[in-house]
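Asker: Questions regarding the structure given below will be posed in turn.
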Amino acid sequence: SRAEFGGGRNEIEMDGLEAEVVYQPRPGVYLTANASWIDGRFVNSAPSQLGGRSLYDIWPEGEGPEGKGTGVGYDFWFVNQVPVGTYDISGLSKVMLNASAAYLFQNGIGLNIQAMWHGPQWGNLDHEYQIPAQLMINLAATYSRPGWEIGLECLNVLNRLNWIHNGDEWMNNQLISVEPPLRFEGYLKMRF
């Protein structure tokens, strides 16, 4: 269960299955693959959404995206909310796939590639919008010696426009973030 803003509790049921395979034919070389299925829902609950039940409430009736404005207006004090029922948890991909490969040369140079795929996610309780399936690929190169390591990562190699749900029903009609574009990050690790 989860405490509700303003009091009360929402009951949550989760079902899932995960499988992972790791293959390491020799030291310094490995391959991994992971697949998971997760189904999560609120049961006999009425989670609150800031701004009201519908994404379209803020537009005048018949206006806004696809002319779906309701004219209800912005609701902060829990007036226009979903009734008690069963709802999918917003921002939860039912299927996620991950794979990676790494190779560490004897001279201390390491190379790594990671790929992550997330299935589509419902954006709010009434399924008014959906975050599409997303793919993220990252590359990394490292050089390590006894006592230190330096690394450079290239994140979001495909420069895809990926979205991040805020992970909570409270803000699901208000806040969806965009994953940063193609970028590079470096680090230096010292061991004492």
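If you're wondering about the labels, chains in the structure tokens are A, B, ... by order shown, residues count from 1 in each chain, ligands from 1 in order shown.
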List as a compact mmCIF listing (two decimals) with C-alpha atoms, in the first residue's frame the protein and nucleic acid residues near region 173-188 of chain A, meaning an atom at most 8 Å away when only C-alpha atoms are counted, but skip any in the same chain fewer than 2 places from it.

Answerer:
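Result file result09.txt:
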# COMPACT_ATOMS: atom_id res chain seq x y z
CA GLN A 49 -3.75 13.50 -9.57
CA LEU A 50 -2.69 17.11 -9.16
CA GLY A 51 -4.82 19.33 -11.36
CA SER A 54 -8.14 14.64 -16.75
CA LEU A 55 -5.19 16.04 -18.64
CA GLY A 123 0.84 8.48 -18.57
CA ASN A 124 -2.18 8.80 -16.29
CA TRP A 148 43.33 4.47 -10.43
CA GLU A 149 40.92 4.35 -13.37
CA ILE A 150 39.84 6.92 -15.92
CA GLY A 151 36.69 6.59 -18.02
CA LEU A 152 34.71 8.30 -20.73
CA GLU A 153 31.05 7.49 -21.38
CA CYS A 154 28.92 8.42 -24.38
CA LEU A 155 25.29 8.37 -23.22
CA ASN A 156 22.22 8.24 -25.46
CA VAL A 157 24.40 7.48 -28.49
CA LEU A 158 21.40 7.49 -30.83
CA ASN A 159 20.41 10.97 -29.53
CA ARG A 160 16.82 9.76 -29.14
CA LEU A 161 14.05 11.85 -27.65
CA ASN A 162 13.18 9.65 -24.67
CA TRP A 163 10.79 10.60 -21.87
CA ILE A 164 10.90 10.05 -18.13
CA HIS A 165 7.61 9.68 -16.22
CA ASN A 166 7.85 11.24 -12.78
CA TRP A 170 0.24 12.80 -7.94
CA MET A 171 2.13 14.66 -10.71
CA MET A 190 41.51 6.88 -7.20

Asker: Choose the residue, out of A:Ser100, A:Thr142, A:Gln24, A:Ser48, that has the smallest atom-to-atom separation from Gln81 (chain A); count only C-alpha atoms.

Answerer: A:Ser48

Asker: Pull the helix (DSSP H, G or I) assignments for region 7-180 of chain A out of DSSP run on the backbone, and list those residues as an NGL selection string.

Answerer: :A and (55-58 or 65-67 or 169-171)

Asker: Any chance you could tabulate, as CSV, the residues of region 50-142 of chain A at most 12 Å from region 19-22 of chain A with each one's nearest atom pair and distance in Å to one decimal, using only C-alpha atoms, in chain and rising number order?

Answerer:
residue,atom,partner,partner_atom,distance
A:Val95,CA,A:Ala19,CA,11.8
A:Met96,CA,A:Ala19,CA,10.8
A:Leu97,CA,A:Ala19,CA,9.9
A:Asn98,CA,A:Glu20,CA,9.2
A:Ala99,CA,A:Val21,CA,9.4
A:Ser100,CA,A:Val22,CA,9.5
A:Ala101,CA,A:Val22,CA,9.9
A:Ala102,CA,A:Val22,CA,11.5

Asker: Taking only C-alpha atoms into account, which of A:Leu135, A:Lys189, A:Gln114, A:Gly62 comes nearest Asn34 (chain A)?

Answerer: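 The shortest atom-to-atom distance to Asn34 (chain A) comes from A:Gln114.
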
Asker: Skipping near chain neighbours, those fewer than 2 positions away, what residues fall within 7 Å of Val72 (chain A) using only C-alpha atoms, listed as a PDB file with N, CA, C and O atoms, in the first residue's frame?

Answerer:
ATOM      1  N   ASP A  57      -8.585  18.883 -18.580  1.00  0.00           N
ATOM      2  CA  ASP A  57      -9.379  19.799 -17.757  1.00  0.00           C
ATOM      3  C   ASP A  57      -8.925  21.252 -17.854  1.00  0.00           C
ATOM      4  O   ASP A  57      -9.720  22.164 -17.643  1.00  0.00           O
ATOM      5  N   ILE A  58      -7.654  21.487 -18.174  1.00  0.00           N
ATOM      6  CA  ILE A  58      -7.156  22.865 -18.170  1.00  0.00           C
ATOM      7  C   ILE A  58      -7.543  23.642 -19.423  1.00  0.00           C
ATOM      8  O   ILE A  58      -7.361  24.850 -19.474  1.00  0.00           O
ATOM      9  N   THR A  70     -12.173  19.829 -21.501  1.00  0.00           N
ATOM     10  CA  THR A  70     -13.415  19.575 -20.755  1.00  0.00           C
ATOM     11  C   THR A  70     -14.020  20.837 -20.157  1.00  0.00           C
ATOM     12  O   THR A  70     -15.199  20.849 -19.812  1.00  0.00           O
ATOM     13  N   TYR A  74      -8.560  23.808 -13.538  1.00  0.00           N
ATOM     14  CA  TYR A  74      -7.520  23.210 -12.692  1.00  0.00           C
ATOM     15  C   TYR A  74      -8.084  22.944 -11.309  1.00  0.00           C
ATOM     16  O   TYR A  74      -8.650  23.817 -10.676  1.00  0.00           O
TER      17      TYR A  74
END

Asker: Looking at only C-alpha atoms, which of A:Glu11, A:Glu169, A:Asp126, A:Glu18 is the one that sits closest to Asn44 (chain A)?

Answerer: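 Counting only C-alpha atoms, the residue closest to Asn44 (chain A) is A:Glu11.
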
Asker: Give me the residues near Tyr103 (chain A) as JSON, numbers by chain, where near means some atom within 7 Å (using only C-alpha atoms) and where sequence neighbours in that chain fewer than 4 positions away do not count.

Answerer: {"A": [28, 29, 30, 110, 111, 112]}

Asker: Skip Ala133 (chain A) itself and residues of its chain fewer than 6 positions away, then list as a list in words all residues within 6 Å of it, counting only C-alpha atoms.

Answerer: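 Once the adjacent positions are removed, what remains is His118, Gly119 and Pro120 of chain A.
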